[in-house]
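Novice: data_30.cif is reproduced in full below (mmCIF, C-alpha atoms).
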```
data_target
loop_
_atom_site.label_atom_id
_atom_site.label_comp_id
_atom_site.auth_asym_id
_atom_site.auth_seq_id
_atom_site.Cartn_x
_atom_site.Cartn_y
_atom_site.Cartn_z
CA MET Q 1 3.65 21.58 -11.24
CA ASN Q 2 0.97 19.01 -11.88
CA PRO Q 3 -2.23 20.47 -10.35
CA ARG Q 4 -3.25 17.09 -8.97
CA PHE Q 5 -0.05 16.98 -6.94
CA SER Q 6 -0.14 20.57 -5.75
CA ASP Q 7 -2.64 20.12 -2.93
CA LEU Q 8 -0.20 17.82 -1.14
CA ASN Q 9 2.49 20.52 -1.08
CA ARG Q 10 0.68 23.54 0.33
CA CYS Q 11 2.42 23.54 3.67
CA ASP Q 12 4.62 26.12 5.34
CA CYS Q 13 7.27 24.02 7.07
CA ALA Q 14 8.77 26.96 8.96
CA PHE Q 15 7.56 27.02 12.57
CA PRO Q 16 7.48 30.23 14.65
CA SER Q 17 10.07 30.18 17.41
CA THR Q 18 7.43 31.34 19.88
CA LEU Q 19 5.26 28.26 19.33
CA ASP Q 20 5.62 26.03 22.39
CA ARG Q 21 5.22 22.26 22.24
CA ARG Q 22 1.68 22.02 23.62
CA SER Q 23 0.41 24.85 21.41
CA PHE Q 24 2.02 23.19 18.44
CA LEU Q 25 0.40 19.86 19.28
CA LYS Q 26 -3.04 21.46 19.42
CA THR Q 27 -2.70 23.26 16.09
CA SER Q 28 -0.93 20.35 14.39
CA THR Q 29 -3.47 17.76 15.49
CA ALA Q 30 -6.39 19.93 14.44
CA GLY Q 31 -5.08 20.12 10.89
CA ALA Q 32 -3.57 16.68 10.57
CA VAL Q 33 -6.23 15.02 8.47
CA ALA Q 34 -6.28 17.84 5.93
CA VAL Q 35 -2.68 17.18 4.94
CA ALA Q 36 -3.30 13.80 3.37
CA ALA Q 37 -6.44 13.01 1.42
CA GLY Q 38 -8.38 10.24 3.08
CA ALA Q 39 -6.42 10.25 6.34
CA LEU Q 40 -7.87 7.81 8.84
CA GLY Q 41 -8.95 8.34 12.43
CA TYR Q 42 -7.25 6.39 15.23
CA PRO Q 43 -7.30 4.37 17.37
CA PHE Q 44 -8.30 1.80 14.79
CA ALA Q 45 -11.27 -0.47 15.04
CA VAL Q 46 -9.47 -3.70 14.17
CA ALA Q 47 -10.68 -5.07 10.85
CA ALA Q 48 -9.82 -8.10 8.79
CA ALA Q 49 -6.79 -8.20 6.53
CA PRO Q 50 -7.34 -8.08 2.76
CA SER Q 51 -9.32 -11.12 1.68
CA PRO Q 52 -9.44 -13.05 -1.60
CA HIS Q 53 -12.72 -11.24 -2.26
CA ASP Q 54 -11.31 -7.71 -2.18
CA THR Q 55 -11.29 -5.92 -5.52
CA SER Q 56 -7.57 -6.15 -6.31
CA GLU Q 57 -7.41 -9.82 -5.28
CA THR Q 58 -10.47 -10.60 -7.43
CA LEU Q 59 -8.87 -8.85 -10.39
CA ALA Q 60 -5.56 -10.66 -9.80
CA SER Q 61 -7.44 -13.96 -9.91
CA GLN Q 62 -9.12 -12.84 -13.13
CA LEU Q 63 -5.72 -11.95 -14.59
CA TYR Q 64 -4.31 -15.37 -13.67
CA LYS Q 65 -7.20 -17.18 -15.32
CA SER Q 66 -6.82 -15.11 -18.50
CA LEU Q 67 -3.17 -16.03 -19.04
CA SER Q 68 -2.14 -18.29 -21.86
CA PRO Q 69 0.27 -21.18 -21.21
CA GLU Q 70 3.05 -19.12 -22.81
CA GLN Q 71 2.33 -16.15 -20.55
CA ARG Q 72 2.18 -18.33 -17.45
CA ALA Q 73 5.60 -19.72 -18.26
CA THR Q 74 6.98 -16.19 -17.89
CA VAL Q 75 4.97 -14.54 -15.09
CA CYS Q 76 3.75 -17.42 -12.88
CA PHE Q 77 5.75 -19.12 -10.11
CA GLU Q 78 5.23 -21.48 -7.21
CA PHE Q 79 4.01 -19.65 -4.13
CA ASP Q 80 7.19 -20.35 -2.15
CA HIS Q 81 9.52 -19.23 -4.94
CA PRO Q 82 12.25 -16.99 -3.41
CA LEU Q 83 11.51 -14.27 -5.98
CA ARG Q 84 8.29 -13.50 -4.10
CA ARG Q 85 10.28 -12.21 -1.13
CA GLU Q 86 12.49 -9.86 -3.15
CA ILE Q 87 12.16 -6.08 -2.92
CA ASP Q 88 13.99 -3.23 -4.64
CA ASN Q 89 13.56 0.39 -5.58
CA ASN Q 90 13.89 0.04 -9.37
CA TRP Q 91 13.43 -3.33 -11.04
CA LEU Q 92 11.30 -5.51 -13.28
CA ILE Q 93 10.43 -8.71 -11.47
CA THR Q 94 10.05 -10.70 -14.70
CA LYS Q 95 12.56 -8.65 -16.74
CA LYS Q 96 9.99 -7.50 -19.31
CA PRO Q 97 7.28 -4.84 -18.93
CA ILE Q 98 3.64 -5.86 -19.18
CA ARG Q 99 3.38 -4.15 -22.57
CA GLU Q 100 5.57 -6.91 -24.00
CA LEU Q 101 3.88 -9.80 -22.20
CA LEU Q 102 0.19 -9.08 -21.74
CA THR Q 103 -2.75 -8.21 -23.97
CA ALA Q 104 -4.38 -4.79 -23.79
CA ASP Q 105 -7.21 -6.16 -21.62
CA GLN Q 106 -4.73 -7.85 -19.28
CA GLN Q 107 -2.72 -4.64 -19.02
CA ASP Q 108 -5.91 -2.84 -18.03
CA LEU Q 109 -6.47 -5.42 -15.28
CA VAL Q 110 -3.01 -4.63 -13.93
CA ARG Q 111 -3.86 -0.93 -13.89
CA GLN Q 112 -7.03 -1.65 -11.95
CA ILE Q 113 -5.24 -3.91 -9.47
CA TYR Q 114 -2.64 -1.23 -8.76
CA ARG Q 115 -5.24 1.52 -8.38
CA GLY Q 116 -7.20 -0.71 -6.01
CA LEU Q 117 -4.25 -0.96 -3.63
CA HIS Q 118 -4.87 2.71 -2.74
CA THR Q 119 -7.74 4.73 -1.40
CA PRO Q 120 -10.00 6.20 -4.09
CA GLU Q 121 -8.72 9.64 -3.06
CA PHE Q 122 -5.09 8.69 -3.72
CA ALA Q 123 -5.40 6.33 -6.70
CA ASP Q 124 -4.98 9.03 -9.36
CA ARG Q 125 -1.88 10.39 -7.65
CA ALA Q 126 -0.41 6.91 -7.33
CA MET Q 127 -0.98 6.26 -11.01
CA GLU Q 128 0.47 9.60 -12.09
CA GLN Q 129 3.58 8.97 -9.99
CA MET Q 130 4.13 5.64 -11.72
CA ILE Q 131 3.65 7.14 -15.18
CA HIS Q 132 5.93 10.07 -14.41
CA ASP Q 133 8.71 7.90 -12.98
CA ALA Q 134 8.52 5.52 -15.95
CA GLU Q 135 10.40 8.26 -17.85
CA GLY Q 136 8.33 8.31 -21.02
CA LYS Q 137 7.57 4.59 -21.20
CA GLY Q 138 4.09 4.90 -19.73
CA PHE Q 139 2.62 2.67 -17.03
CA GLU Q 140 2.49 -0.40 -19.26
CA GLY Q 141 6.07 0.11 -20.44
CA GLY Q 142 7.43 0.75 -16.97
CA VAL Q 143 6.05 -2.05 -14.79
CA SER Q 144 6.38 -5.81 -14.58
CA VAL Q 145 4.23 -8.35 -12.73
CA ALA Q 146 4.55 -11.82 -11.31
CA LEU Q 147 1.94 -14.16 -9.82
CA PHE Q 148 2.84 -16.70 -7.16
CA GLY Q 149 0.69 -19.73 -6.44
CA GLN Q 150 -2.84 -20.10 -7.71
CA PRO Q 151 -6.20 -18.48 -6.89
CA ASN Q 152 -8.26 -20.41 -4.36
CA ALA Q 153 -5.17 -22.33 -3.28
CA LYS Q 154 -3.34 -22.04 0.05
CA GLY Q 155 -1.18 -19.22 -1.25
CA PHE Q 156 -1.62 -16.66 -4.01
CA GLU Q 157 0.12 -13.31 -4.39
CA PHE Q 158 0.35 -10.69 -7.13
CA VAL Q 159 3.51 -8.54 -7.18
CA LEU Q 160 4.00 -5.39 -9.28
CA THR Q 161 7.39 -3.74 -9.67
CA GLY Q 162 8.92 -0.85 -11.57
CA ARG Q 163 10.83 2.33 -10.95
CA HIS Q 164 10.02 3.38 -7.39
CA CYS Q 165 7.72 0.43 -6.80
CA THR Q 166 7.47 -2.96 -5.16
CA ARG Q 167 3.81 -3.56 -4.30
CA ARG Q 168 1.78 -6.64 -3.46
CA CYS Q 169 -1.72 -7.99 -3.01
CA ASP Q 170 -2.08 -11.38 -1.39
CA GLY Q 171 -5.63 -12.00 -0.18
CA ASP Q 172 -4.06 -12.56 3.25
CA SER Q 173 -2.10 -15.55 1.91
CA VAL Q 174 1.10 -14.31 3.51
CA ALA Q 175 0.53 -14.78 7.23
CA GLY Q 176 1.90 -12.40 9.83
CA VAL Q 177 2.90 -9.43 7.68
CA ALA Q 178 1.20 -6.27 6.45
CA PHE Q 179 0.87 -5.45 2.74
CA GLY Q 180 1.64 -9.07 1.81
CA GLY Q 181 5.30 -8.45 2.61
CA PRO Q 182 7.80 -5.57 2.51
CA ILE Q 183 6.90 -2.81 0.08
CA PHE Q 184 8.74 0.04 -1.56
CA TYR Q 185 7.35 3.27 -2.98
CA GLY Q 186 8.89 6.57 -4.04
CA HIS Q 187 8.76 9.51 -6.40
CA GLN Q 188 11.16 11.78 -8.24
CA ALA Q 189 9.06 14.86 -8.92
CA GLY Q 190 10.15 17.07 -11.82
CA THR Q 191 13.08 16.31 -14.09
CA ASN Q 192 16.05 16.74 -11.74
CA ASP Q 193 17.29 13.86 -9.63
CA THR Q 194 17.72 16.19 -6.65
CA GLU Q 195 14.50 17.90 -5.65
CA PRO Q 196 14.29 21.34 -4.01
CA SER Q 197 14.06 21.28 -0.23
CA ASP Q 198 10.28 21.74 -0.28
CA HIS Q 199 9.85 18.85 -2.78
CA PRO Q 200 7.23 20.55 -4.99
CA GLY Q 201 4.97 18.06 -6.71
CA ASN Q 202 6.18 15.03 -4.76
CA VAL Q 203 3.11 12.97 -3.92
CA PHE Q 204 4.68 11.42 -0.80
CA TRP Q 205 6.39 14.45 0.74
CA PHE Q 206 3.34 15.08 2.94
CA GLN Q 207 4.44 12.04 4.95
CA ALA Q 208 7.76 13.69 5.79
CA ARG Q 209 5.98 16.88 6.79
CA ARG Q 210 3.79 14.95 9.20
CA VAL Q 211 6.74 13.15 10.80
CA ASN Q 212 8.56 16.48 11.05
CA ASP Q 213 5.50 17.69 12.98
CA VAL Q 214 6.49 15.19 15.64
CA PHE Q 215 10.03 16.56 15.70
CA GLN Q 216 8.67 20.08 16.17
CA ALA Q 217 6.60 18.85 19.11
CA LEU Q 218 9.72 17.62 20.94
CA ASP Q 219 11.51 19.69 23.53
CA GLY Q 220 15.20 20.53 23.23
CA ARG Q 221 16.58 17.49 25.03
CA GLN Q 222 14.24 15.15 23.16
CA ARG Q 223 15.36 16.63 19.83
CA GLU Q 224 18.99 15.97 20.74
CA THR Q 225 18.12 12.31 21.28
CA ALA Q 226 16.00 12.00 18.14
CA LEU Q 227 18.48 13.72 15.79
CA ILE Q 228 21.26 11.50 14.50
CA ASN Q 229 24.43 13.18 13.26
CA GLY Q 230 24.89 10.90 10.29
CA LYS Q 231 23.26 9.21 7.33
CA GLY Q 232 20.29 6.88 7.31
CA ARG Q 233 20.38 3.17 6.65
CA ARG Q 234 21.97 1.73 3.55
CA GLU Q 235 19.50 0.88 0.81
CA LYS Q 236 20.26 -2.70 -0.14
CA ARG Q 237 17.15 -4.57 -1.24
CA ALA Q 238 15.78 -6.86 1.50
CA GLU Q 239 18.57 -5.84 3.90
CA THR Q 240 17.02 -2.37 4.01
CA VAL Q 241 13.91 -3.67 5.75
CA LYS Q 242 15.51 -6.26 8.00
CA LEU Q 243 13.73 -6.29 11.36
CA SER Q 244 15.68 -6.24 14.61
CA GLY Q 245 13.21 -7.86 17.01
CA ARG Q 246 14.46 -5.38 19.64
CA ALA Q 247 12.45 -2.73 21.47
CA GLU Q 248 15.51 -1.01 22.94
CA GLY Q 249 18.81 0.18 21.52
CA LEU Q 250 17.26 1.46 18.29
CA SER Q 251 18.30 4.77 16.73
CA GLY Q 252 16.58 7.90 17.94
CA ILE Q 253 14.05 8.46 20.70
CA ARG Q 254 11.62 5.85 22.01
CA VAL Q 255 7.93 6.71 21.98
CA ALA Q 256 7.85 5.32 25.54
CA ASP Q 257 10.01 8.30 26.55
CA LEU Q 258 7.58 10.86 25.15
CA ALA Q 259 4.81 12.68 27.00
CA LYS Q 260 1.24 11.44 26.62
CA ASP Q 261 0.26 14.15 24.14
CA GLN Q 262 3.38 13.48 22.07
CA ARG Q 263 2.57 9.75 21.98
CA GLY Q 264 -0.92 10.62 20.79
CA LEU Q 265 0.56 12.69 17.97
CA VAL Q 266 2.77 9.77 16.91
CA GLN Q 267 -0.30 7.55 16.66
CA LYS Q 268 -2.13 10.13 14.53
CA VAL Q 269 0.91 10.52 12.29
CA MET Q 270 1.02 6.76 11.78
CA GLY Q 271 -2.52 7.04 10.46
CA ASP Q 272 -1.46 9.76 8.03
CA LEU Q 273 1.48 7.68 6.78
CA LEU Q 274 -0.95 4.88 5.99
CA SER Q 275 -3.56 7.14 4.41
CA PRO Q 276 -2.67 6.50 0.72
CA PHE Q 277 -3.31 2.77 1.03
CA ARG Q 278 -6.57 0.82 0.90
CA LYS Q 279 -8.36 0.37 4.20
CA PRO Q 280 -7.92 -3.42 4.65
CA ASP Q 281 -4.14 -2.99 4.35
CA THR Q 282 -4.02 0.00 6.68
CA ASP Q 283 -6.21 -1.72 9.27
CA GLU Q 284 -3.96 -4.78 9.23
CA ALA Q 285 -0.80 -2.65 9.38
CA MET Q 286 -2.03 -0.59 12.32
CA LYS Q 287 -3.18 -3.72 14.13
CA LEU Q 288 0.35 -5.14 13.86
CA VAL Q 289 1.93 -1.85 14.94
CA GLU Q 290 -0.26 -1.80 18.01
CA ALA Q 291 0.52 -5.47 18.70
CA GLN Q 292 4.21 -4.63 19.13
CA GLY Q 293 3.31 -1.53 21.14
CA ILE Q 294 3.35 2.07 19.93
CA GLU Q 295 5.56 2.79 22.95
CA ASN Q 296 8.20 0.41 21.55
CA LEU Q 297 8.68 2.43 18.38
CA SER Q 298 11.68 4.73 18.00
CA LEU Q 299 11.87 7.85 15.83
CA ALA Q 300 15.14 8.93 14.27
CA PHE Q 301 15.88 11.98 12.12
CA PHE Q 302 19.15 12.04 10.19
CA LYS Q 303 21.04 15.31 10.09
CA GLN Q 304 23.03 14.56 6.94
CA ASP Q 305 21.26 14.93 3.59
CA ASP Q 306 19.10 17.78 4.89
CA LEU Q 307 18.22 19.44 1.60
CA GLY Q 308 18.44 23.21 1.89
CA THR Q 309 19.83 22.87 5.45
CA ASP Q 310 16.43 24.06 6.62
CA GLY Q 311 15.99 21.74 9.59
CA VAL Q 312 13.05 20.00 7.93
CA TRP Q 313 14.53 16.53 8.01
CA ASP Q 314 14.40 14.78 4.65
CA VAL Q 315 15.62 11.43 5.98
CA TRP Q 316 13.92 9.74 8.91
CA GLN Q 317 12.69 6.39 10.15
CA ILE Q 318 10.19 4.91 12.54
CA GLU Q 319 11.46 1.58 13.76
CA GLY Q 320 10.21 -0.98 16.22
CA PRO Q 321 11.01 -4.58 17.02
CA ASP Q 322 8.73 -5.69 14.18
CA MET Q 323 8.58 -2.62 11.96
CA VAL Q 324 10.73 -0.48 9.69
CA TRP Q 325 9.36 2.64 7.99
CA TYR Q 326 12.41 4.24 6.40
CA PHE Q 327 11.96 7.45 4.39
CA ARG Q 328 14.89 8.80 2.39
CA GLY Q 329 13.84 12.17 0.97
CA SER Q 330 17.24 13.14 -0.45
CA PRO Q 331 17.81 13.52 -3.37
CA HIS Q 332 14.17 12.47 -3.91
CA VAL Q 333 11.76 10.17 -2.10
CA HIS Q 334 12.47 6.50 -1.47
CA CYS Q 335 10.41 4.73 1.18
CA TRP Q 336 10.79 1.19 2.52
CA VAL Q 337 8.11 -0.39 4.73
CA HIS Q 338 8.04 -3.72 6.56
CA ILE Q 339 5.55 -4.48 9.34
CA ARG Q 340 5.41 -7.95 10.89
CA ASP Q 341 3.21 -9.69 13.43
CA PRO Q 342 5.29 -10.08 16.62
CA LYS Q 343 4.07 -13.69 16.84
CA PHE Q 344 6.08 -14.44 13.70
CA ARG Q 345 9.34 -13.15 15.13
CA VAL Q 346 12.15 -15.64 14.71
#
```
As a first step, turn the structure in this file into C-alpha cells.

Specialist:
Amino acid sequence: MNPRFSDLNRCDCAFPSTLDRRSFLKTSTAGAVAVAAGALGYPFAVAAAPSPHDTSETLASQLYKSLSPEQRATVCFEFDHPLRREIDNNWLITKKPIRELLTADQQDLVRQIYRGLHTPEFADRAMEQMIHDAEGKGFEGGVSVALFGQPNAKGFEFVLTGRHCTRRCDGDSVAGVAFGGPIFYGHQAGTNDTEPSDHPGNVFWFQARRVNDVFQALDGRQRETALINGKGRREKRAETVKLSGRAEGLSGIRVADLAKDQRGLVQKVMGDLLSPFRKPDTDEAMKLVEAQGIENLSLAFFKQDDLGTDGVWDVWQIEGPDMVWYFRGSPHVHCWVHIRDPKFRV
C-alpha cells in the first residue's frame, strides 16, 4: 500500500451492536475531522465563489496566453461550445493527452492547476491517484485539457479529463453551479478492478465511511427506509447527474425525517465529503446545498453491490432537488457530483 494513502484507510468499519444511536453520534462527531485531512467546520461562513484571481484560474489564464495558434486550434473552443458541458468517467476531452500537445512548461502549468483545485493537504493524494489510474502513462500521458472562452472575457473555463476525472476551474464564469459544472472523480486502488471490501489504498473511500456513519446513526425503521434493495443509478455521462428539481419522492430517507442530532451529523458529513477540494469551491458548494435546504436532501444506500456483504454500503447517494452526489464504490470508486443554485432551476 502506498504510505501516503494509508492514513485514509485506518478505520474499523465494524460497529459494536451495543452502541446506541446517540452514543454513536457523540463518538462519531468527535472524530469526524480526523478522518479526512483538512476537513472543514460547519455551518459555513458564506464566502465568494472561485474568482479569476484564484491560483488555478490565474494559471489557466497563463496557459491560454502561452498557447501557439496551432495549439489553440486543438484545445480552445468558444465558451458556449457543447463540449464544455460534457462529463464522463474515462475520456480525453481533446482526444490527445497533454504530452502530445503541450510543451514541458505548459504541462507543468496543467499539473499546478490540477493541484490547486484541492486543499494543500489533499493535493499529493489527488496527483498520485491520477498517476496511478493512468496505468503507466503518467499524468501527462493520461490527461487531456480544453479551454473555453478567453481570460478576462465574460466566460472562461479550463476543463481537465482523464481516467477517473472530469474537473473544472471557471473563475465563477459558470453562474449558478458549484465546481464550474458537474464533476467526476474516482480511483481504482491496486491492480485489480474489484477492490477488497475495505478498499485499502483508495484515496476517496473515507467519504463512504463517513456516509456510512450516518447509516449507523439511524434507528431500525429509518434504516429500512434508507436502504434500497437494488442497484444505484445508471452511469451514463451527463444523464448520471441529471437533477430532479424535486424535494420529495427521491430514493431513501429525507433529512427532514431525521432527528436533530442526525441532521447535524449529515451537515458535518457534507463538510467531510467536500474536504479534498479547495476552499472557494467548497464554500460555494455548501452555500448552494444550504440554499436548497439540508432538510430537502435524501440519503439512499443500495443493498446490491455490497462488497464482502459486510453491511458497509459501497454504493450510496445524497440527492436533493438541486444536487446529486452519487458514489459507486463497487467494483472500485466512481463519484459523480452536481450541485446547482435553486434559482437556476428550469

Novice: Just checking: using all atoms listed in the file, which residue out of Q:Tyr185, Q:Phe179, Q:Val203, Q:Gly116 ends up closest to Glu128 (chain Q)?

Specialist: Q:Val203

Novice: Please compute the CA of Leu227 (chain Q)-CA of His164 (chain Q) distance, one decimal, in Å.

Specialist: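 Interatomic distance, CA of Leu227 (chain Q) to CA of His164 (chain Q): 26.8 Å.
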
Novice: Apply the PyMOL selection byres ((chain Q and resi 162) around 7) to the displayed file and report the matching residues as a PyMOL selection string.

Specialist: chain Q and resi 90-92+142-144+161+163-166

Novice: Go through the shown structure with the PyMOL selection byres ((chain Q and resi 188) around 7) and write out the matching residues as a PyMOL selection string.

Specialist: chain Q and resi 133+187+189-190+193+202+332-333

Novice: Can I get the selected residues back with C-alpha atoms, as a PDB file, in the frame of the given file?

Specialist:
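The resulting result_23.pdb:
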```pdb
ATOM      1  CA  ASP Q 133       8.710   7.900 -12.980  1.00  0.00           C
ATOM      2  CA  HIS Q 187       8.760   9.510  -6.400  1.00  0.00           C
ATOM      3  CA  ALA Q 189       9.060  14.860  -8.920  1.00  0.00           C
ATOM      4  CA  GLY Q 190      10.150  17.070 -11.820  1.00  0.00           C
ATOM      5  CA  ASP Q 193      17.290  13.860  -9.630  1.00  0.00           C
ATOM      6  CA  ASN Q 202       6.180  15.030  -4.760  1.00  0.00           C
ATOM      7  CA  HIS Q 332      14.170  12.470  -3.910  1.00  0.00           C
ATOM      8  CA  VAL Q 333      11.760  10.170  -2.100  1.00  0.00           C
TER       9      VAL Q 333
END
```

Novice: For the file shown, what are the residues hit by the PyMOL selection byres ((chain Q and resi 77) around 7), laid out as a VMD selection string?

Specialist: chain Q and resid 75 to 76 78 to 79 81 147 to 149

Novice: What is the CA of Glu295 (chain Q)-CA of Val255 (chain Q) distance in Å, reported with one decimal?

Specialist: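 Straight-line distance from CA of Glu295 (chain Q) to CA of Val255 (chain Q) works out to 4.7 Å.
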
Novice: Hey, can you check how far CA of Gln262 (chain Q) sits from CA of Gly311 (chain Q)?

Specialist: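 It comes out at 19.6 Å.
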
Novice: Calculate, to one decimal in Å, the centre and edge lengths of the box along x, y and z of the file that holds all listed atoms of region 74-89 of chain Q with 8 Å of margin on each side, and present them as AutoDock Vina command-line options.

Specialist:
```
--center_x 8.9 --center_y -10.5 --center_z -9.5 --size_x 26.2 --size_y 37.9 --size_z 32.8
```

Novice: List the spatial neighbours of Tyr114 (chain Q) as a PyMOL selection string - criterion: any atom at most 10 Å away, all atoms listed in the file, same-chain residues fewer than 2 positions off excluded.

Specialist: chain Q and resi 56+59-60+108-112+116-118+123+126-127+159-160+167-169

Novice: Go through Q:Met130, Q:Asp54, Q:Leu297, Q:Thr309 one by one, measure the shortest atom-to-atom distance of each to Ala256 (chain Q) using all atoms listed in the file, and give the residue with the smallest value.

Specialist: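 Among the listed residues, Q:Leu297 lies closest to Ala256 (chain Q).
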
Novice: I want to know what sits within 9 Å of Ser298 (chain Q), based on all atoms listed in the file, with residues of the same chain fewer than 5 positions away left out; could you give that as a list in words?

Specialist: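 Non-adjacent residues within range: Ala226, Ala247, Glu248, Leu250, Ser251, Gly252, Ile253, Arg254, Val255, Ala256, Gln317, Ile318, Glu319 and Gly320 of chain Q.
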
Novice: Which residue, Q:Ile183, Q:Ile98, Q:Ala153, Q:Val177, has the smallest gap to Thr240 (chain Q) when you use only C-alpha atoms?

Specialist: Q:Ile183

Novice: Nearest to Glu100 (chain Q) among Q:Ser61, Q:Glu140, Q:Gly181, Q:Asp219, with distances taken over only C-alpha atoms: which residue is it?

Specialist: Q:Glu140

Novice: Show me the residues around (20.2, 12.7, 16.4) - criterion: an atom at most 7 Å away, only C-alpha atoms counted - as a list of chain:residue names.

Specialist: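 Checked against the point, the hits come out as Q:Glu224, Q:Thr225, Q:Ala226, Q:Leu227, Q:Ile228, Q:Asn229, Q:Gly252, Q:Ala300, Q:Phe301, Q:Phe302, Q:Lys303.
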
Novice: Name all residues at most 10 Å from Val289 (chain Q) (count only C-alpha atoms; drop same-chain ones fewer than 4 positions away) and give them as an MDAnalysis selection string.

Specialist: chainID Q and resid 178 267 270 283:285 293:297 320:323 339:342

Novice: Could you check the closest approach to Gln107 (chain Q) for each of Q:Phe158, Q:Gly141, Q:Asp80, Q:Leu258 and tell me which residue wins, using all atoms listed in the file?

Specialist: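 Checking each candidate against Gln107 (chain Q), we get Q:Gly141 as the closest.
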
Novice: Please determine, counting only C-alpha atoms, which residue among Q:Arg328, Q:Asp105, Q:Glu57, Q:Ala134 has the shortest atom-to-atom distance to Leu307 (chain Q).

Specialist: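 When distances to Leu307 (chain Q) are compared using only C-alpha atoms, the smallest one comes from Q:Arg328.
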
Novice: Rebuild region 184-196 of chain Q to N, CA and C atoms - output it as a PDB file, keeping the file's coordinate frame, please.

Specialist:
```pdb
ATOM      1  N   PHE Q 184       7.963  -1.151  -1.276  1.00  0.00           N
ATOM      2  CA  PHE Q 184       8.740   0.040  -1.560  1.00  0.00           C
ATOM      3  C   PHE Q 184       7.877   0.970  -2.417  1.00  0.00           C
ATOM      4  N   TYR Q 185       7.959   2.275  -2.112  1.00  0.00           N
ATOM      5  CA  TYR Q 185       7.350   3.270  -2.980  1.00  0.00           C
ATOM      6  C   TYR Q 185       8.215   4.520  -2.966  1.00  0.00           C
ATOM      7  N   GLY Q 186       8.082   5.355  -3.966  1.00  0.00           N
ATOM      8  CA  GLY Q 186       8.890   6.570  -4.040  1.00  0.00           C
ATOM      9  C   GLY Q 186       8.407   7.465  -5.166  1.00  0.00           C
ATOM     10  N   HIS Q 187       9.110   8.560  -5.337  1.00  0.00           N
ATOM     11  CA  HIS Q 187       8.760   9.510  -6.400  1.00  0.00           C
ATOM     12  C   HIS Q 187       9.918  10.472  -6.605  1.00  0.00           C
ATOM     13  N   GLN Q 188      10.247  10.698  -7.857  1.00  0.00           N
ATOM     14  CA  GLN Q 188      11.160  11.780  -8.240  1.00  0.00           C
ATOM     15  C   GLN Q 188      10.320  12.798  -8.985  1.00  0.00           C
ATOM     16  N   ALA Q 189       9.885  13.835  -8.297  1.00  0.00           N
ATOM     17  CA  ALA Q 189       9.060  14.860  -8.920  1.00  0.00           C
ATOM     18  C   ALA Q 189       9.932  15.739  -9.819  1.00  0.00           C
ATOM     19  N   GLY Q 190       9.387  16.219 -10.914  1.00  0.00           N
ATOM     20  CA  GLY Q 190      10.150  17.070 -11.820  1.00  0.00           C
ATOM     21  C   GLY Q 190      11.129  16.260 -12.642  1.00  0.00           C
ATOM     22  N   THR Q 191      12.112  16.954 -13.199  1.00  0.00           N
ATOM     23  CA  THR Q 191      13.080  16.310 -14.090  1.00  0.00           C
ATOM     24  C   THR Q 191      14.456  16.158 -13.481  1.00  0.00           C
ATOM     25  N   ASN Q 192      14.737  16.829 -12.381  1.00  0.00           N
ATOM     26  CA  ASN Q 192      16.050  16.740 -11.740  1.00  0.00           C
ATOM     27  C   ASN Q 192      16.052  15.632 -10.694  1.00  0.00           C
ATOM     28  N   ASP Q 193      17.169  14.926 -10.611  1.00  0.00           N
ATOM     29  CA  ASP Q 193      17.290  13.860  -9.630  1.00  0.00           C
ATOM     30  C   ASP Q 193      17.176  14.404  -8.213  1.00  0.00           C
ATOM     31  N   THR Q 194      17.796  15.557  -7.961  1.00  0.00           N
ATOM     32  CA  THR Q 194      17.720  16.190  -6.650  1.00  0.00           C
ATOM     33  C   THR Q 194      16.594  17.207  -6.633  1.00  0.00           C
ATOM     34  N   GLU Q 195      15.640  16.997  -5.745  1.00  0.00           N
ATOM     35  CA  GLU Q 195      14.500  17.900  -5.650  1.00  0.00           C
ATOM     36  C   GLU Q 195      14.842  19.103  -4.776  1.00  0.00           C
ATOM     37  N   PRO Q 196      14.147  20.223  -4.953  1.00  0.00           N
ATOM     38  CA  PRO Q 196      14.290  21.340  -4.010  1.00  0.00           C
ATOM     39  C   PRO Q 196      13.884  20.909  -2.606  1.00  0.00           C
TER      40      PRO Q 196
END
```
